[in-house]
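For reference, query-v8.csv (CSV, C-alpha atoms):
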```csv
chain,number,residue,atom,x,y,z
S,1,MET,CA,-43.8,-9.8,50.0
S,2,SER,CA,-40.4,-10.1,48.5
S,3,TYR,CA,-39.3,-6.5,48.1
S,4,GLY,CA,-35.7,-7.6,47.5
S,5,GLY,CA,-36.8,-9.5,44.4
S,6,SER,CA,-38.8,-6.7,42.9
S,7,VAL,CA,-36.0,-4.2,43.5
S,8,GLY,CA,-33.6,-6.5,41.8
S,9,ILE,CA,-35.4,-6.3,38.5
S,10,SER,CA,-36.7,-2.7,38.7
S,11,PRO,CA,-36.4,-0.6,35.5
S,12,GLY,CA,-33.9,1.7,37.3
S,13,ASN,CA,-31.6,-1.2,38.1
S,14,VAL,CA,-31.8,-2.5,34.5
S,15,ALA,CA,-30.8,1.0,33.2
S,16,VAL,CA,-27.8,1.1,35.6
S,17,HIS,CA,-26.8,-2.4,34.5
S,18,HIS,CA,-27.0,-1.4,30.9
S,19,ALA,CA,-25.0,1.8,31.5
S,20,LYS,CA,-22.3,-0.2,33.3
S,21,CYS,CA,-22.2,-2.7,30.4
S,22,ASP,CA,-21.9,0.1,27.8
S,23,ALA,CA,-19.0,1.7,29.9
S,24,LYS,CA,-17.2,-1.7,30.0
S,25,LEU,CA,-17.7,-2.2,26.3
S,26,VAL,CA,-16.2,1.3,25.6
S,27,GLU,CA,-13.3,0.6,28.0
S,28,TRP,CA,-12.6,-2.8,26.2
S,29,ARG,CA,-12.6,-1.1,22.8
S,30,VAL,CA,-10.2,1.6,23.9
S,31,LYS,CA,-7.9,-1.0,25.4
S,32,ILE,CA,-7.9,-3.0,22.1
S,33,ALA,CA,-7.3,0.2,20.1
S,34,GLU,CA,-4.4,1.2,22.4
S,35,LEU,CA,-2.8,-2.3,22.0
S,36,VAL,CA,-3.2,-2.2,18.2
S,37,LEU,CA,-1.7,1.3,18.0
S,38,ARG,CA,1.2,0.4,20.2
S,39,VAL,CA,2.0,-2.7,18.2
S,40,LEU,CA,1.8,-0.5,15.0
S,41,VAL,CA,4.2,2.0,16.6
S,42,LEU,CA,6.6,-0.8,17.5
S,43,GLY,CA,6.5,-2.4,14.0
S,44,LEU,CA,6.6,0.8,12.1
S,45,GLY,CA,9.3,2.3,14.4
S,46,VAL,CA,11.6,-0.7,13.8
S,47,ALA,CA,10.8,-0.6,10.1
S,48,ALA,CA,11.7,3.1,9.9
S,49,ALA,CA,14.9,2.7,11.8
S,50,ALA,CA,15.9,-0.3,9.7
S,51,LEU,CA,15.0,1.3,6.4
S,52,ILE,CA,16.9,4.5,7.1
S,53,GLY,CA,19.8,2.9,9.1
S,54,ALA,CA,20.6,0.4,6.4
S,55,ASN,CA,20.3,3.0,3.6
S,56,SER,CA,23.3,3.7,1.4
S,57,GLU,CA,24.1,3.8,-2.4
S,58,VAL,CA,27.3,3.8,-4.3
S,59,LYS,CA,27.7,5.5,-7.7
S,60,VAL,CA,30.6,5.6,-10.0
S,61,ILE,CA,30.8,8.7,-12.1
S,62,PHE,CA,33.8,9.0,-14.5
S,63,SER,CA,35.7,6.5,-12.5
S,64,ILE,CA,35.1,8.5,-9.3
S,65,THR,CA,33.3,6.5,-6.6
S,66,LYS,CA,30.6,8.4,-4.7
S,67,LYS,CA,28.7,7.1,-1.8
S,68,ALA,CA,25.5,8.4,-0.2
S,69,LYS,CA,24.7,7.1,3.3
S,70,PHE,CA,22.2,8.0,5.9
S,71,THR,CA,24.8,9.5,8.2
S,72,ASP,CA,25.4,12.3,5.6
S,73,MET,CA,22.0,13.8,6.8
S,74,LYS,CA,22.1,14.4,10.5
S,75,SER,CA,18.3,14.6,10.6
S,76,LEU,CA,18.1,11.0,9.4
S,77,VAL,CA,20.5,9.9,12.2
S,78,PHE,CA,18.2,11.7,14.7
S,79,LEU,CA,15.2,9.9,13.1
S,80,VAL,CA,16.9,6.5,13.5
S,81,VAL,CA,17.7,7.3,17.2
S,82,VAL,CA,14.2,8.6,18.0
S,83,ASN,CA,12.5,5.6,16.3
S,84,GLY,CA,14.7,3.3,18.3
S,85,ILE,CA,13.7,4.9,21.5
S,86,VAL,CA,10.0,4.9,20.5
S,87,ALA,CA,10.1,1.3,19.5
S,88,THR,CA,11.7,0.3,22.8
S,89,TYR,CA,9.2,2.3,24.8
S,90,SER,CA,6.3,0.8,22.8
S,91,LEU,CA,7.6,-2.8,23.5
S,92,VAL,CA,7.3,-2.1,27.2
S,93,GLN,CA,3.8,-0.6,26.7
S,94,VAL,CA,2.6,-3.5,24.5
S,95,VAL,CA,3.5,-5.9,27.3
S,96,ARG,CA,1.7,-3.6,29.8
S,97,CYS,CA,-1.4,-3.4,27.6
S,98,ALA,CA,-1.5,-7.2,26.9
S,99,VAL,CA,-1.2,-7.9,30.6
S,100,GLY,CA,-3.9,-5.4,31.3
S,101,ILE,CA,-6.3,-7.0,28.8
S,102,PHE,CA,-5.7,-10.6,29.9
S,103,ARG,CA,-5.6,-10.0,33.6
S,104,GLY,CA,-8.0,-7.1,33.9
S,105,SER,CA,-7.1,-3.4,34.4
S,106,VAL,CA,-3.5,-2.8,35.4
S,107,LEU,CA,-4.0,1.0,35.3
S,108,PHE,CA,-5.0,1.2,38.9
S,109,SER,CA,-2.8,4.0,40.1
S,110,LYS,CA,-2.8,7.7,39.2
S,111,PRO,CA,1.0,8.0,39.3
S,112,LEU,CA,1.3,5.2,36.7
S,113,ALA,CA,-1.4,6.8,34.5
S,114,TRP,CA,0.4,10.1,34.8
S,115,LEU,CA,3.7,8.4,33.9
S,116,ILE,CA,2.1,6.8,30.8
S,117,PHE,CA,0.4,10.1,29.8
S,118,SER,CA,3.7,11.9,30.2
S,119,GLY,CA,5.7,9.3,28.3
S,120,ASP,CA,3.2,9.3,25.4
S,121,GLN,CA,3.3,13.0,25.2
S,122,VAL,CA,7.1,13.1,25.2
S,123,MET,CA,7.1,10.4,22.5
S,124,ALA,CA,4.6,12.3,20.4
S,125,TYR,CA,6.7,15.5,20.6
S,126,LEU,CA,10.0,13.6,19.9
S,127,THR,CA,8.7,11.8,16.9
S,128,LEU,CA,7.0,14.8,15.4
S,129,ALA,CA,10.2,16.9,15.8
S,130,ALA,CA,12.3,14.2,14.3
S,131,VAL,CA,9.9,13.6,11.3
S,132,ALA,CA,9.7,17.4,10.7
S,133,ALA,CA,13.4,17.8,10.5
S,134,ALA,CA,13.9,14.7,8.3
S,135,LEU,CA,11.1,15.8,6.0
S,136,GLN,CA,12.8,19.1,5.6
S,137,SER,CA,16.1,17.4,4.6
S,138,SER,CA,14.2,15.1,2.3
S,139,VAL,CA,12.4,17.9,0.6
S,140,ILE,CA,15.7,19.7,0.0
S,141,GLY,CA,17.2,16.4,-1.3
S,142,LYS,CA,14.2,15.8,-3.6
S,143,PHE,CA,13.7,19.3,-5.0
S,144,GLY,CA,16.8,21.2,-4.0
S,145,GLN,CA,16.9,24.8,-2.8
S,146,PRO,CA,18.3,26.5,-5.9
S,147,GLU,CA,18.4,30.0,-4.4
S,148,LEU,CA,20.9,28.7,-1.8
S,149,GLN,CA,22.8,26.5,-4.3
S,150,TRP,CA,21.6,23.4,-2.5
S,151,MET,CA,21.1,21.0,-5.4
S,152,LYS,CA,18.7,18.0,-5.4
S,153,ILE,CA,20.5,14.7,-5.0
S,154,CYS,CA,17.7,12.3,-5.8
S,155,ASP,CA,18.4,12.4,-9.6
S,156,LEU,CA,21.8,10.8,-8.7
S,157,TYR,CA,20.9,8.6,-5.8
S,158,LYS,CA,17.5,7.2,-6.8
S,159,LYS,CA,17.6,4.0,-4.7
S,160,PHE,CA,18.9,6.0,-1.6
S,161,CYS,CA,16.1,8.5,-1.9
S,162,THR,CA,13.3,5.9,-2.4
S,163,GLN,CA,14.4,4.0,0.7
S,164,ALA,CA,14.8,7.2,2.7
S,165,GLY,CA,11.3,8.2,1.6
S,166,GLU,CA,9.9,4.9,2.7
S,167,GLY,CA,11.6,5.2,6.1
S,168,VAL,CA,10.4,8.8,6.6
S,169,ALA,CA,6.8,7.7,5.6
S,170,SER,CA,6.9,4.9,8.2
S,171,ALA,CA,8.2,7.4,10.8
S,172,LEU,CA,5.4,9.8,9.9
S,173,LEU,CA,2.8,7.1,10.6
S,174,VAL,CA,4.6,6.4,13.9
S,175,SER,CA,4.3,10.0,14.9
S,176,LEU,CA,0.6,10.1,14.0
S,177,CYS,CA,0.0,6.9,16.0
S,178,THR,CA,1.9,8.5,19.0
S,179,VAL,CA,-0.3,11.6,18.8
S,180,ILE,CA,-3.5,9.4,18.9
S,181,LEU,CA,-2.0,7.3,21.7
S,182,SER,CA,-1.3,10.4,23.8
S,183,TRP,CA,-5.0,11.2,23.4
S,184,ILE,CA,-6.0,7.8,24.5
S,185,SER,CA,-3.7,7.9,27.6
S,186,ALA,CA,-5.2,11.3,28.4
S,187,TYR,CA,-8.6,9.7,28.1
S,188,SER,CA,-7.5,6.8,30.4
S,189,LEU,CA,-6.3,9.4,33.0
S,190,PHE,CA,-9.6,11.3,32.9
S,191,ARG,CA,-11.5,8.1,33.4
S,192,LEU,CA,-9.4,7.3,36.4
S,193,TYR,CA,-10.2,10.8,37.9
S,194,GLY,CA,-13.8,10.6,37.0
S,195,GLY,CA,-14.2,7.1,38.4
S,196,ARG,CA,-12.7,8.0,41.8
S,197,LYS,CA,-15.7,10.3,42.5
S,198,GLY,CA,-13.9,13.5,42.9
S,199,LYS,CA,-11.3,12.4,45.5
S,200,ALA,CA,-8.7,13.6,43.0
S,201,ASP,CA,-9.5,17.2,43.9
S,202,SER,CA,-7.6,17.1,47.2
S,203,ARG,CA,-4.6,15.6,45.5
S,204,TRP,CA,-3.9,18.7,43.4
E,1,MET,CA,-25.1,23.8,75.4
E,2,SER,CA,-24.3,25.4,72.1
E,3,TYR,CA,-23.2,22.5,70.0
E,4,GLY,CA,-23.4,24.5,66.8
E,5,GLY,CA,-20.7,27.0,68.1
E,6,SER,CA,-18.3,24.2,69.2
E,7,VAL,CA,-18.7,22.5,65.8
E,8,GLY,CA,-18.0,25.7,63.9
E,9,ILE,CA,-14.4,26.0,65.3
E,10,SER,CA,-13.6,22.3,65.6
E,11,PRO,CA,-10.1,21.2,64.4
E,12,GLY,CA,-11.7,19.2,61.6
E,13,ASN,CA,-13.5,22.2,60.2
E,14,VAL,CA,-10.3,24.3,60.4
E,15,ALA,CA,-8.4,21.7,58.5
E,16,VAL,CA,-11.1,21.6,55.8
E,17,HIS,CA,-11.0,25.4,55.6
E,18,HIS,CA,-7.2,25.3,55.2
E,19,ALA,CA,-7.4,22.7,52.5
E,20,LYS,CA,-9.9,24.8,50.6
E,21,CYS,CA,-7.7,27.9,50.9
E,22,ASP,CA,-4.6,25.9,49.7
E,23,ALA,CA,-6.6,24.6,46.7
E,24,LYS,CA,-7.8,28.1,45.8
E,25,LEU,CA,-4.2,29.4,46.2
E,26,VAL,CA,-2.9,26.7,43.8
E,27,GLU,CA,-5.7,27.5,41.3
E,28,TRP,CA,-4.9,31.2,41.4
E,29,ARG,CA,-1.2,30.5,40.8
E,30,VAL,CA,-2.0,28.2,37.9
E,31,LYS,CA,-4.2,30.9,36.3
E,32,ILE,CA,-1.5,33.5,36.7
E,33,ALA,CA,1.1,31.2,35.2
E,34,GLU,CA,-1.2,30.4,32.3
E,35,LEU,CA,-1.8,34.1,31.6
E,36,VAL,CA,1.9,34.9,31.7
E,37,LEU,CA,2.8,32.0,29.4
E,38,ARG,CA,0.1,32.9,26.9
E,39,VAL,CA,1.3,36.5,26.9
E,40,LEU,CA,4.8,35.2,26.3
E,41,VAL,CA,3.7,33.0,23.4
E,42,LEU,CA,1.8,36.0,21.9
E,43,GLY,CA,4.8,38.3,22.2
E,44,LEU,CA,7.5,35.8,21.2
E,45,GLY,CA,5.3,34.5,18.4
E,46,VAL,CA,4.9,38.0,16.9
E,47,ALA,CA,8.6,38.6,17.4
E,48,ALA,CA,9.6,35.4,15.6
E,49,ALA,CA,7.2,36.0,12.7
E,50,ALA,CA,8.5,39.6,12.4
E,51,LEU,CA,12.2,38.8,12.7
E,52,ILE,CA,12.0,36.0,10.1
E,53,GLY,CA,9.4,37.7,7.8
E,54,ALA,CA,11.4,40.9,7.5
E,55,ASN,CA,14.7,39.1,7.0
E,56,SER,CA,16.7,39.7,3.8
E,57,GLU,CA,20.2,40.6,2.9
E,58,VAL,CA,21.7,41.9,-0.3
E,59,LYS,CA,25.4,41.2,-1.2
E,60,VAL,CA,27.3,42.5,-4.2
E,61,ILE,CA,30.1,40.0,-5.3
E,62,PHE,CA,32.1,41.0,-8.4
E,63,SER,CA,29.4,43.4,-9.5
E,64,ILE,CA,26.8,40.6,-9.2
E,65,THR,CA,24.0,41.4,-6.8
E,66,LYS,CA,22.8,38.4,-4.7
E,67,LYS,CA,19.9,38.5,-2.3
E,68,ALA,CA,19.0,36.2,0.5
E,69,LYS,CA,15.4,36.3,1.7
E,70,PHE,CA,13.4,34.2,4.1
E,71,THR,CA,11.2,32.8,1.2
E,72,ASP,CA,14.3,31.0,-0.1
E,73,MET,CA,13.9,28.6,2.8
E,74,LYS,CA,10.4,27.0,2.7
E,75,SER,CA,10.8,25.9,6.3
E,76,LEU,CA,11.1,29.6,7.4
E,77,VAL,CA,7.9,30.5,5.5
E,78,PHE,CA,6.2,27.6,7.4
E,79,LEU,CA,7.6,29.0,10.6
E,80,VAL,CA,6.3,32.5,10.0
E,81,VAL,CA,2.8,31.1,9.1
E,82,VAL,CA,2.7,28.8,12.2
E,83,ASN,CA,3.9,31.6,14.5
E,84,GLY,CA,1.2,33.9,13.0
E,85,ILE,CA,-1.5,31.2,13.8
E,86,VAL,CA,-0.1,30.6,17.3
E,87,ALA,CA,0.0,34.4,18.1
E,88,THR,CA,-3.6,34.8,16.9
E,89,TYR,CA,-4.7,31.8,19.0
E,90,SER,CA,-2.8,33.2,22.0
E,91,LEU,CA,-4.5,36.6,21.7
E,92,VAL,CA,-7.9,34.9,22.0
E,93,GLN,CA,-6.7,32.8,25.0
E,94,VAL,CA,-5.1,35.8,26.7
E,95,VAL,CA,-8.5,37.6,26.6
E,96,ARG,CA,-10.2,34.5,28.0
E,97,CYS,CA,-7.6,34.1,30.8
E,98,ALA,CA,-7.8,37.8,31.8
E,99,VAL,CA,-11.6,37.6,31.9
E,100,GLY,CA,-11.4,34.4,33.9
E,101,ILE,CA,-9.0,36.0,36.5
E,102,PHE,CA,-11.0,39.3,36.9
E,103,ARG,CA,-14.5,37.8,36.8
E,104,GLY,CA,-13.8,34.4,38.4
E,105,SER,CA,-13.5,31.1,36.6
E,106,VAL,CA,-14.8,31.1,33.0
E,107,LEU,CA,-13.8,27.5,32.5
E,108,PHE,CA,-17.2,26.1,33.7
E,109,SER,CA,-17.9,23.7,30.9
E,110,LYS,CA,-16.2,20.4,29.9
E,111,PRO,CA,-16.6,21.0,26.1
E,112,LEU,CA,-14.8,24.4,26.5
E,113,ALA,CA,-12.0,22.8,28.6
E,114,TRP,CA,-11.7,20.0,26.0
E,115,LEU,CA,-11.5,22.6,23.2
E,116,ILE,CA,-8.8,24.5,25.0
E,117,PHE,CA,-6.9,21.3,25.7
E,118,SER,CA,-7.2,20.2,22.1
E,119,GLY,CA,-6.2,23.6,20.8
E,120,ASP,CA,-3.1,23.8,23.0
E,121,GLN,CA,-2.1,20.3,21.9
E,122,VAL,CA,-2.4,21.2,18.3
E,123,MET,CA,-0.4,24.4,18.8
E,124,ALA,CA,2.3,22.5,20.6
E,125,TYR,CA,2.6,19.9,17.8
E,126,LEU,CA,2.5,22.6,15.1
E,127,THR,CA,5.1,24.8,16.7
E,128,LEU,CA,7.4,21.9,17.5
E,129,ALA,CA,7.2,20.6,13.9
E,130,ALA,CA,7.8,24.0,12.4
E,131,VAL,CA,10.8,24.7,14.8
E,132,ALA,CA,12.3,21.3,14.1
E,133,ALA,CA,12.1,21.9,10.3
E,134,ALA,CA,13.5,25.4,10.5
E,135,LEU,CA,16.3,24.3,12.9
E,136,GLN,CA,17.3,21.6,10.3
E,137,SER,CA,17.5,24.3,7.6
E,138,SER,CA,19.4,26.6,9.9
E,139,VAL,CA,21.9,24.0,10.8
E,140,ILE,CA,22.6,23.2,7.1
E,141,GLY,CA,22.8,27.0,6.5
E,142,LYS,CA,25.3,27.4,9.3
E,143,PHE,CA,27.5,24.4,9.0
E,144,GLY,CA,26.6,23.1,5.5
E,145,GLN,CA,26.3,19.4,4.6
E,146,PRO,CA,29.5,18.9,2.6
E,147,GLU,CA,28.9,15.2,1.8
E,148,LEU,CA,25.8,16.4,-0.3
E,149,GLN,CA,27.4,19.5,-1.7
E,150,TRP,CA,25.1,21.7,0.3
E,151,MET,CA,27.4,24.6,1.3
E,152,LYS,CA,27.0,26.8,4.3
E,153,ILE,CA,25.6,30.2,3.5
E,154,CYS,CA,26.2,32.0,6.8
E,155,ASP,CA,29.8,33.1,5.9
E,156,LEU,CA,28.3,35.1,3.0
E,157,TYR,CA,25.0,36.3,4.6
E,158,LYS,CA,26.0,37.1,8.2
E,159,LYS,CA,23.2,39.5,9.0
E,160,PHE,CA,20.6,37.3,7.4
E,161,CYS,CA,21.8,34.3,9.5
E,162,THR,CA,21.9,36.2,12.7
E,163,GLN,CA,18.4,37.5,12.3
E,164,ALA,CA,17.1,34.1,11.3
E,165,GLY,CA,18.8,32.6,14.3
E,166,GLU,CA,17.1,35.1,16.6
E,167,GLY,CA,13.7,34.3,15.0
E,168,VAL,CA,14.2,30.6,15.3
E,169,ALA,CA,15.3,31.0,19.0
E,170,SER,CA,12.1,33.0,19.7
E,171,ALA,CA,10.0,30.3,17.9
E,172,LEU,CA,11.8,27.6,20.0
E,173,LEU,CA,10.8,29.5,23.2
E,174,VAL,CA,7.2,29.7,21.8
E,175,SER,CA,7.1,26.0,21.3
E,176,LEU,CA,8.4,25.3,24.8
E,177,CYS,CA,5.8,27.6,26.2
E,178,THR,CA,3.0,25.8,24.2
E,179,VAL,CA,4.2,22.4,25.5
E,180,ILE,CA,3.9,23.7,29.1
E,181,LEU,CA,0.6,25.3,28.3
E,182,SER,CA,-0.8,22.0,27.0
E,183,TRP,CA,0.1,20.5,30.3
E,184,ILE,CA,-1.6,23.3,32.2
E,185,SER,CA,-4.8,22.9,30.2
E,186,ALA,CA,-4.7,19.1,30.8
E,187,TYR,CA,-4.4,20.0,34.5
E,188,SER,CA,-7.4,22.3,34.3
E,189,LEU,CA,-9.4,19.6,32.5
E,190,PHE,CA,-8.5,17.0,35.3
E,191,ARG,CA,-9.5,19.5,38.0
E,192,LEU,CA,-12.9,19.9,36.2
E,193,TYR,CA,-13.4,16.2,36.2
E,194,GLY,CA,-12.2,15.7,39.7
E,195,GLY,CA,-14.3,18.5,41.0
E,196,ARG,CA,-17.5,17.1,39.5
E,197,LYS,CA,-17.4,14.2,41.9
E,198,GLY,CA,-17.2,11.5,39.3
E,199,LYS,CA,-20.2,12.4,37.2
E,200,ALA,CA,-17.8,12.6,34.3
E,201,ASP,CA,-17.7,8.8,34.2
E,202,SER,CA,-21.2,8.5,32.5
E,203,ARG,CA,-20.2,11.0,29.8
E,204,TRP,CA,-17.4,8.9,28.3
```
In structure tokens, write the structure found in this file.
Amino acid sequence: MSYGGSVGISPGNVAVHHAKCDAKLVEWRVKIAELVLRVLVLGLGVAAAALIGANSEVKVIFSITKKAKFTDMKSLVFLVVVNGIVATYSLVQVVRCAVGIFRGSVLFSKPLAWLIFSGDQVMAYLTLAAVAAALQSSVIGKFGQPELQWMKICDLYKKFCTQAGEGVASALLVSLCTVILSWISAYSLFRLYGGRKGKADSRW
Amino acid sequence: MSYGGSVGISPGNVAVHHAKCDAKLVEWRVKIAELVLRVLVLGLGVAAAALIGANSEVKVIFSITKKAKFTDMKSLVFLVVVNGIVATYSLVQVVRCAVGIFRGSVLFSKPLAWLIFSGDQVMAYLTLAAVAAALQSSVIGKFGQPELQWMKICDLYKKFCTQAGEGVASALLVSLCTVILSWISAYSLFRLYGGRKGKADSRW
């Protein structure tokens, strides 16, 4: 008459066990995706800052030397600064994610989850704004705005424009990754609230 | 020996009652704040689109007629379109909020809360990107970018620049409001998950 044994392998318990396994698998996949995205942001952020920050081209036209450098476009300077900030932030987050994966969940506290959610949101807003401004400058540089007598410069500075384009493309990927990351950190925050069985309600 | 009566007014019950009242008060304030912000976004969005969309100036210089219009700057066209979209979205949300306040909570379902959270996020990203691009154009228009031979145009088109500046300022306020709103809708979503006593966990 071993009730304990029969309860241990009842269909209900097996179903609960399966649900827990599925939840753990989803959590694991989300953590890996987060780590990959943060590494991508770190790499692409550094690449964007380096590509744009090291960008310059010298042209000699009728013995007059002309130089194009990234500081001529204030939006590119802003993009370099923002990508530097995002890369630094991502480095810290990569370490946190890696520690979280190898030691088990680090995201135990709501204030920390809120901090990460807020940080990711700020980064997404910052990178989007910087990319939008830089894209606007790049479009003027590439096609000009003849109605306002702003002439295109890419016919003259081909190498400068190509490198700037690569930098802006990297920065665009960075901002897309930060948008996805801010969703993942919202998801992590929701899980934390859902998992605490409604105790969160009194905290608000 | 009326235990029921003594339990009814016990300090514990009074504390629970107070906590519930506090929670309801917070919820009420958040709803009002959300409604006010959505009305602001609607009004300022329409104002921004109208100010920029109706912006043009004609100048006669040495018998040559020159005209500046908002379509000369592609970023201003983008800003008008985005503000139109945001204003329309806000109109729908204002109706939802008003119904929610006068009839009690409408936000009963998680899919709806997720939809609003997602919508608010998209609006925040869109408006920020549009404002950043328009600000970049405006800065070039105001101060020029002499290194690239992009001359300032605001000395010539004073009225055009002033009106564009007012439009961009309105759009900037719109984007700040959408950022705050996306936080409020995240808060509403968290409340929904917290209040369901952890059942959310199985949904992920």
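Closest to chain S among E:Ala23, E:Ile116, E:Val99, E:Val86 is E:Ala23, based on all atoms listed in the file.
Residues in contact range of S:Ser137, defined as at most 9 Å between only C-alpha atoms, with sequence neighbours fewer than 5 positions away removed, read S:Met73, S:Lys74, S:Ser75, S:Leu76, S:Ala132, S:Lys142, E:Ala133, E:Gln136, E:Ser137.
Picture a line from atom CA of S:Ala54 to atom CA of S:Leu128; it runs 21.8 Å.
The spacing separating atom CA of E:Phe190 from atom CA of S:Val30 amounts to 19.2 Å.
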Residue list as a compact mmCIF listing (two decimals) with C-alpha atoms, in the frame of the given file for point (-5.0, 35.6, 37.6), cut-off 7 Å, all atoms listed in the file:
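Written output follows (part.txt):
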```txt
# COMPACT_ATOMS: atom_id res chain seq x y z
CA TRP E 28 -4.90 31.20 41.40
CA LYS E 31 -4.20 30.90 36.30
CA ILE E 32 -1.50 33.50 36.70
CA LEU E 35 -1.80 34.10 31.60
CA ALA E 98 -7.80 37.80 31.80
CA ILE E 101 -9.00 36.00 36.50
```
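Nearest residue to chain E among S:Ala134, S:Ala87, S:Ala47, S:Val60 is S:Ala134, counting all atoms listed in the file.
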Please, could N, CA and C atoms be added to stretch 48-69 of chain S and the result written as a PDB file, in the coordinates of the input?
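Result file follows (selection_13.pdb):
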```pdb
ATOM      1  N   ALA S  48      11.077   1.815  10.242  1.00  0.00           N
ATOM      2  CA  ALA S  48      11.700   3.100   9.900  1.00  0.00           C
ATOM      3  C   ALA S  48      13.149   3.151  10.208  1.00  0.00           C
ATOM      4  N   ALA S  49      13.493   2.697  11.424  1.00  0.00           N
ATOM      5  CA  ALA S  49      14.900   2.700  11.800  1.00  0.00           C
ATOM      6  C   ALA S  49      15.746   1.817  10.930  1.00  0.00           C
ATOM      7  N   ALA S  50      15.195   0.625  10.569  1.00  0.00           N
ATOM      8  CA  ALA S  50      15.900  -0.300   9.700  1.00  0.00           C
ATOM      9  C   ALA S  50      16.099   0.223   8.311  1.00  0.00           C
ATOM     10  N   LEU S  51      14.991   0.741   7.749  1.00  0.00           N
ATOM     11  CA  LEU S  51      15.000   1.300   6.400  1.00  0.00           C
ATOM     12  C   LEU S  51      16.054   2.400   6.238  1.00  0.00           C
ATOM     13  N   ILE S  52      16.041   3.300   7.219  1.00  0.00           N
ATOM     14  CA  ILE S  52      16.900   4.500   7.100  1.00  0.00           C
ATOM     15  C   ILE S  52      18.363   4.061   7.538  1.00  0.00           C
ATOM     16  N   GLY S  53      18.462   3.270   8.606  1.00  0.00           N
ATOM     17  CA  GLY S  53      19.800   2.900   9.100  1.00  0.00           C
ATOM     18  C   GLY S  53      20.585   2.044   8.146  1.00  0.00           C
ATOM     19  N   ALA S  54      19.880   1.272   7.305  1.00  0.00           N
ATOM     20  CA  ALA S  54      20.600   0.400   6.400  1.00  0.00           C
ATOM     21  C   ALA S  54      20.707   1.041   4.979  1.00  0.00           C
ATOM     22  N   ASN S  55      20.416   2.318   4.906  1.00  0.00           N
ATOM     23  CA  ASN S  55      20.300   3.000   3.600  1.00  0.00           C
ATOM     24  C   ASN S  55      21.681   3.549   3.143  1.00  0.00           C
ATOM     25  N   SER S  56      22.106   3.101   1.983  1.00  0.00           N
ATOM     26  CA  SER S  56      23.300   3.700   1.400  1.00  0.00           C
ATOM     27  C   SER S  56      23.295   3.321  -0.136  1.00  0.00           C
ATOM     28  N   GLU S  57      24.000   4.089  -0.909  1.00  0.00           N
ATOM     29  CA  GLU S  57      24.100   3.800  -2.400  1.00  0.00           C
ATOM     30  C   GLU S  57      25.427   4.289  -2.893  1.00  0.00           C
ATOM     31  N   VAL S  58      26.029   3.444  -3.710  1.00  0.00           N
ATOM     32  CA  VAL S  58      27.300   3.800  -4.300  1.00  0.00           C
ATOM     33  C   VAL S  58      27.140   4.083  -5.794  1.00  0.00           C
ATOM     34  N   LYS S  59      27.727   5.169  -6.255  1.00  0.00           N
ATOM     35  CA  LYS S  59      27.700   5.500  -7.700  1.00  0.00           C
ATOM     36  C   LYS S  59      29.087   5.756  -8.193  1.00  0.00           C
ATOM     37  N   VAL S  60      29.335   5.293  -9.410  1.00  0.00           N
ATOM     38  CA  VAL S  60      30.600   5.600 -10.000  1.00  0.00           C
ATOM     39  C   VAL S  60      30.430   6.505 -11.192  1.00  0.00           C
ATOM     40  N   ILE S  61      30.977   7.703 -11.048  1.00  0.00           N
ATOM     41  CA  ILE S  61      30.800   8.700 -12.100  1.00  0.00           C
ATOM     42  C   ILE S  61      32.198   9.087 -12.639  1.00  0.00           C
ATOM     43  N   PHE S  62      32.458   8.773 -13.905  1.00  0.00           N
ATOM     44  CA  PHE S  62      33.800   9.000 -14.500  1.00  0.00           C
ATOM     45  C   PHE S  62      34.900   8.464 -13.652  1.00  0.00           C
ATOM     46  N   SER S  63      34.773   7.238 -13.286  1.00  0.00           N
ATOM     47  CA  SER S  63      35.700   6.500 -12.500  1.00  0.00           C
ATOM     48  C   SER S  63      35.934   7.057 -11.045  1.00  0.00           C
ATOM     49  N   ILE S  64      35.058   7.994 -10.660  1.00  0.00           N
ATOM     50  CA  ILE S  64      35.100   8.500  -9.300  1.00  0.00           C
ATOM     51  C   ILE S  64      33.936   7.810  -8.509  1.00  0.00           C
ATOM     52  N   THR S  65      34.276   7.158  -7.401  1.00  0.00           N
ATOM     53  CA  THR S  65      33.300   6.500  -6.600  1.00  0.00           C
ATOM     54  C   THR S  65      32.654   7.445  -5.596  1.00  0.00           C
ATOM     55  N   LYS S  66      31.340   7.559  -5.627  1.00  0.00           N
ATOM     56  CA  LYS S  66      30.600   8.400  -4.700  1.00  0.00           C
ATOM     57  C   LYS S  66      29.643   7.576  -3.896  1.00  0.00           C
ATOM     58  N   LYS S  67      29.556   7.853  -2.602  1.00  0.00           N
ATOM     59  CA  LYS S  67      28.700   7.100  -1.800  1.00  0.00           C
ATOM     60  C   LYS S  67      27.732   7.960  -0.955  1.00  0.00           C
ATOM     61  N   ALA S  68      26.459   7.651  -1.016  1.00  0.00           N
ATOM     62  CA  ALA S  68      25.500   8.400  -0.200  1.00  0.00           C
ATOM     63  C   ALA S  68      25.100   7.435   0.978  1.00  0.00           C
ATOM     64  N   LYS S  69      25.195   7.912   2.203  1.00  0.00           N
ATOM     65  CA  LYS S  69      24.700   7.100   3.300  1.00  0.00           C
ATOM     66  C   LYS S  69      23.918   7.945   4.287  1.00  0.00           C
TER      67      LYS S  69
END
```
